[in-house]
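Student: Quick one: this structure, given as structure tokens, is what I'll be asking you about.
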Amino acid sequence: MDEINTYLDIPMKKEKWITLINRIIQKHWSDSITRMVPYYKGLQHLNYTEFHQGKLHLLLKIECQSARDIGRIPPKLKMLTGTYILQSHRIKMYENETDPMCLICHQGDETLEHFILECEGLSDTRNSIMDEISAILKDSRNVDFHKQSSKVKMQILLDITMLRENLKLDTQLMAEIEYCSRRLLFLLHTTRYSFLSKGWKKDKKNVKV
């Protein structure tokens with residue numbers, strides 16, 4: 001803002017004053033969040049260059065295909081922002097009370113990358129939709145999804161807008177990939193929840209009163 005004397009010498013109307021204050025506050029938080037994002041591991045896949053305070057992120061501007069598609073967004077946003085609770089997160093909260101091992105395949109720590117790309121117990125859920133994404137990229141940009149690094153795969157699935165320029169993706173292509181990724185992540189989420197729910201019910205039956 002300018003020096004206070006400037007506003008005393010040339011008083012503003014109430015509407016202009018409110019607009020100015022709101023713009024300054026939004027810019028402050030936009031700049032602060034953008035500056036801090038690189039230091040948070042949970043936000044490493046978020047395209048923070050498209051973050052503008054008070055406006056939808058570019059990823060959320062991609063139209064949903066149906067009412068069902070809308071319901072698939074919340075789990076994906078939790079994964080994108082590092083707030084989706086996996087075993088590797090639980091151990092940070094409960095320490096000795098929790099094992100970071102994946103409860104589905106028992107072949108590694110349940111990190112986000114393991115959950116989305118590696119867990120063998122979820123391969124049947126994962127493979128067909130990943131093949132769809134690979135076909136879209138192969139036919140349109142001659143990019144083989146299956147040959148990409150884990151980092152690139154995660155970026156494609158979590159926030160395709162980060163690769164918009166590198167892959168020369170138009171709005172239609174991003175919408176097709178985003179539709180597949182929302183389906184995939186939601187199915188992984190529901191399959192995991194279903195598996196864990198059965199395990200919890202089994203544990204309760206084995207508890208002797």
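Identifiers in the structure tokens: chain A, B, ... in order shown; residue index from 1 per chain; ligand index from 1 in order shown.
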May I have a table of the residues of region 97-193 of chain A lying at most 8 Å from region 50-63 of chain A, giving each one's closest pair of atoms and their distance in Å to one decimal, counting only C-alpha atoms, ordered by chain and ascending residue number, as JSON lines?
Tutor:
{"residue": "A:Asp159", "atom": "CA", "partner": "A:Leu59", "partner_atom": "CA", "distance": 6.7}
{"residue": "A:Ile160", "atom": "CA", "partner": "A:Leu59", "partner_atom": "CA", "distance": 7.6}
{"residue": "A:Thr161", "atom": "CA", "partner": "A:Leu59", "partner_atom": "CA", "distance": 6.4}
{"residue": "A:Thr171", "atom": "CA", "partner": "A:Ile62", "partner_atom": "CA", "distance": 7.8}
{"residue": "A:Met174", "atom": "CA", "partner": "A:Ile62", "partner_atom": "CA", "distance": 7.7}
{"residue": "A:Ala175", "atom": "CA", "partner": "A:Ile62", "partner_atom": "CA", "distance": 5.9}
{"residue": "A:Glu178", "atom": "CA", "partner": "A:Ile62", "partner_atom": "CA", "distance": 7.7}
Student: Could you write out the selected residues, including N, CA and C atoms, as a short mmCIF file (atom, residue, chain, number, x, y, z; two decimals), in the first residue's frame?
Tutor:
data_model
loop_
_atom_site.label_atom_id
_atom_site.label_comp_id
_atom_site.auth_asym_id
_atom_site.auth_seq_id
_atom_site.Cartn_x
_atom_site.Cartn_y
_atom_site.Cartn_z
N ASP A 159 -1.84 -34.23 -10.70
CA ASP A 159 -2.09 -32.87 -11.22
C ASP A 159 -1.48 -32.73 -12.61
N ILE A 160 -2.27 -33.08 -13.60
CA ILE A 160 -1.81 -33.06 -15.00
C ILE A 160 -1.49 -31.65 -15.48
N THR A 161 -2.03 -30.63 -14.80
CA THR A 161 -1.80 -29.25 -15.27
C THR A 161 -0.33 -28.85 -15.18
N THR A 171 -7.04 -28.51 -23.69
CA THR A 171 -8.08 -28.68 -22.67
C THR A 171 -8.76 -30.04 -22.76
N MET A 174 -6.44 -32.87 -21.46
CA MET A 174 -6.34 -32.82 -20.00
C MET A 174 -7.62 -33.35 -19.36
N ALA A 175 -8.76 -33.04 -19.97
CA ALA A 175 -10.04 -33.52 -19.43
C ALA A 175 -10.13 -35.04 -19.50
N GLU A 178 -7.70 -36.44 -16.88
CA GLU A 178 -8.20 -36.15 -15.54
C GLU A 178 -9.39 -37.04 -15.18
#
Student: Skip region 118-126 of chain A itself and residues of its chain fewer than 4 positions away, then list as a list of chain:residue names all residues within 8 Å of it, counting only C-alpha atoms.
Tutor: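 After dropping sequence-adjacent residues, the list is A:Cys102, A:Ile104, A:Cys105, A:Gln107, A:Glu113, A:His114, A:Met130, A:Leu184, A:Leu187, A:Leu188, A:Thr191, A:Arg192.
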Student: As an MDAnalysis selection string, which residues of region 17-197 of chain A does DSSP assign to alpha helix (DSSP H)?
Tutor: chainID A and resid 17:36 67:71 73:80 87:94 112:113 123:141 150:158 171:197
Student: Please, could you write that set of residues out with C-alpha atoms as a short mmCIF file (atom, residue, chain, number, x, y, z; two decimals), in the first residue's frame?
Tutor:
data_model
loop_
_atom_site.label_atom_id
_atom_site.label_comp_id
_atom_site.auth_asym_id
_atom_site.auth_seq_id
_atom_site.Cartn_x
_atom_site.Cartn_y
_atom_site.Cartn_z
CA TRP A 17 -11.28 1.01 -0.24
CA ILE A 18 -12.80 -2.44 0.36
CA THR A 19 -11.70 -3.61 -3.11
CA LEU A 20 -8.14 -2.37 -2.49
CA ILE A 21 -7.86 -4.03 0.93
CA ASN A 22 -9.23 -7.36 -0.39
CA ARG A 23 -6.80 -7.30 -3.32
CA ILE A 24 -3.82 -6.63 -1.03
CA ILE A 25 -4.83 -9.38 1.42
CA GLN A 26 -5.34 -11.91 -1.39
CA LYS A 27 -1.98 -11.02 -2.93
CA HIS A 28 -0.26 -11.40 0.44
CA TRP A 29 -1.65 -14.91 1.00
CA SER A 30 -1.12 -15.97 -2.61
CA ASP A 31 2.52 -14.91 -2.45
CA SER A 32 3.03 -16.47 1.01
CA ILE A 33 1.49 -19.83 0.05
CA THR A 34 3.34 -19.95 -3.27
CA ARG A 35 6.62 -19.21 -1.49
CA MET A 36 6.07 -21.91 1.17
CA ALA A 67 -22.50 -36.23 -10.93
CA ARG A 68 -20.57 -39.39 -10.02
CA ASP A 69 -17.37 -37.72 -11.19
CA ILE A 70 -17.91 -34.89 -8.70
CA GLY A 71 -17.85 -37.39 -5.83
CA ILE A 73 -12.74 -35.30 -6.40
CA PRO A 74 -12.38 -35.18 -2.56
CA PRO A 75 -10.13 -38.29 -2.20
CA LYS A 76 -7.94 -37.04 -5.04
CA LEU A 77 -7.56 -33.60 -3.45
CA LYS A 78 -6.50 -35.23 -0.18
CA MET A 79 -3.83 -37.22 -2.02
CA LEU A 80 -2.69 -34.12 -3.91
CA GLN A 87 0.08 -46.06 7.28
CA SER A 88 3.18 -43.91 6.71
CA HIS A 89 1.19 -40.91 7.98
CA ARG A 90 -0.33 -42.75 10.92
CA ILE A 91 3.08 -43.72 12.31
CA LYS A 92 4.01 -40.03 12.51
CA MET A 93 0.96 -39.44 14.69
CA TYR A 94 0.98 -42.58 16.84
CA LEU A 112 1.39 -42.43 -1.41
CA GLU A 113 3.58 -43.67 -4.27
CA SER A 123 -3.01 -54.11 -9.31
CA ASP A 124 -6.33 -55.45 -10.65
CA THR A 125 -7.98 -52.15 -9.74
CA ARG A 126 -5.14 -50.10 -11.20
CA ASN A 127 -3.98 -51.75 -14.43
CA SER A 128 -6.95 -51.29 -16.78
CA ILE A 129 -7.33 -47.56 -16.09
CA MET A 130 -3.58 -46.98 -16.37
CA ASP A 131 -3.76 -48.69 -19.76
CA GLU A 132 -6.48 -46.22 -20.76
CA ILE A 133 -4.28 -43.28 -19.76
CA SER A 134 -1.34 -44.79 -21.62
CA ALA A 135 -3.47 -45.20 -24.76
CA ILE A 136 -4.60 -41.55 -24.62
CA LEU A 137 -1.03 -40.27 -24.30
CA LYS A 138 0.34 -42.70 -26.88
CA ASP A 139 -2.27 -41.87 -29.53
CA SER A 140 -2.17 -38.11 -29.01
CA ARG A 141 1.44 -37.32 -28.00
CA SER A 150 7.41 -42.90 -10.93
CA LYS A 151 7.66 -39.14 -10.37
CA VAL A 152 6.16 -38.35 -13.79
CA LYS A 153 3.44 -40.98 -13.39
CA MET A 154 2.46 -39.50 -10.04
CA GLN A 155 2.37 -36.04 -11.56
CA ILE A 156 0.13 -37.17 -14.42
CA LEU A 157 -2.28 -38.85 -12.01
CA LEU A 158 -2.36 -36.16 -9.32
CA THR A 171 -8.08 -28.68 -22.67
CA GLN A 172 -9.71 -31.76 -24.19
CA LEU A 173 -6.72 -34.02 -23.58
CA MET A 174 -6.34 -32.82 -20.00
CA ALA A 175 -10.04 -33.52 -19.43
CA GLU A 176 -9.70 -37.09 -20.76
CA ILE A 177 -6.67 -37.82 -18.58
CA GLU A 178 -8.20 -36.15 -15.54
CA TYR A 179 -11.39 -38.20 -15.93
CA CYS A 180 -9.33 -41.41 -15.89
CA SER A 181 -7.18 -40.31 -12.96
CA ARG A 182 -10.21 -39.38 -10.84
CA ARG A 183 -11.71 -42.80 -11.53
CA LEU A 184 -8.45 -44.56 -10.73
CA LEU A 185 -7.73 -42.77 -7.46
CA PHE A 186 -11.32 -43.10 -6.28
CA LEU A 187 -11.34 -46.85 -7.02
CA LEU A 188 -8.02 -47.29 -5.20
CA HIS A 189 -9.49 -45.37 -2.27
CA THR A 190 -12.71 -47.42 -2.09
CA THR A 191 -10.90 -50.76 -2.63
CA ARG A 192 -8.45 -49.97 0.17
CA TYR A 193 -11.24 -48.87 2.49
CA SER A 194 -13.23 -52.02 1.74
CA PHE A 195 -10.20 -54.22 2.42
CA LEU A 196 -9.38 -52.48 5.69
CA SER A 197 -13.02 -52.54 6.82
#
Student: CA of Phe115 (chain A) to CA of Leu86 (chain A): how many Å, to one decimal?
Tutor: 8.4 Å
Student: Just checking: using only C-alpha atoms, which residue out of A:Leu103, A:Lys168, A:Thr81, A:His146 ends up closest to Tyr40 (chain A)?
Tutor: A:Thr81
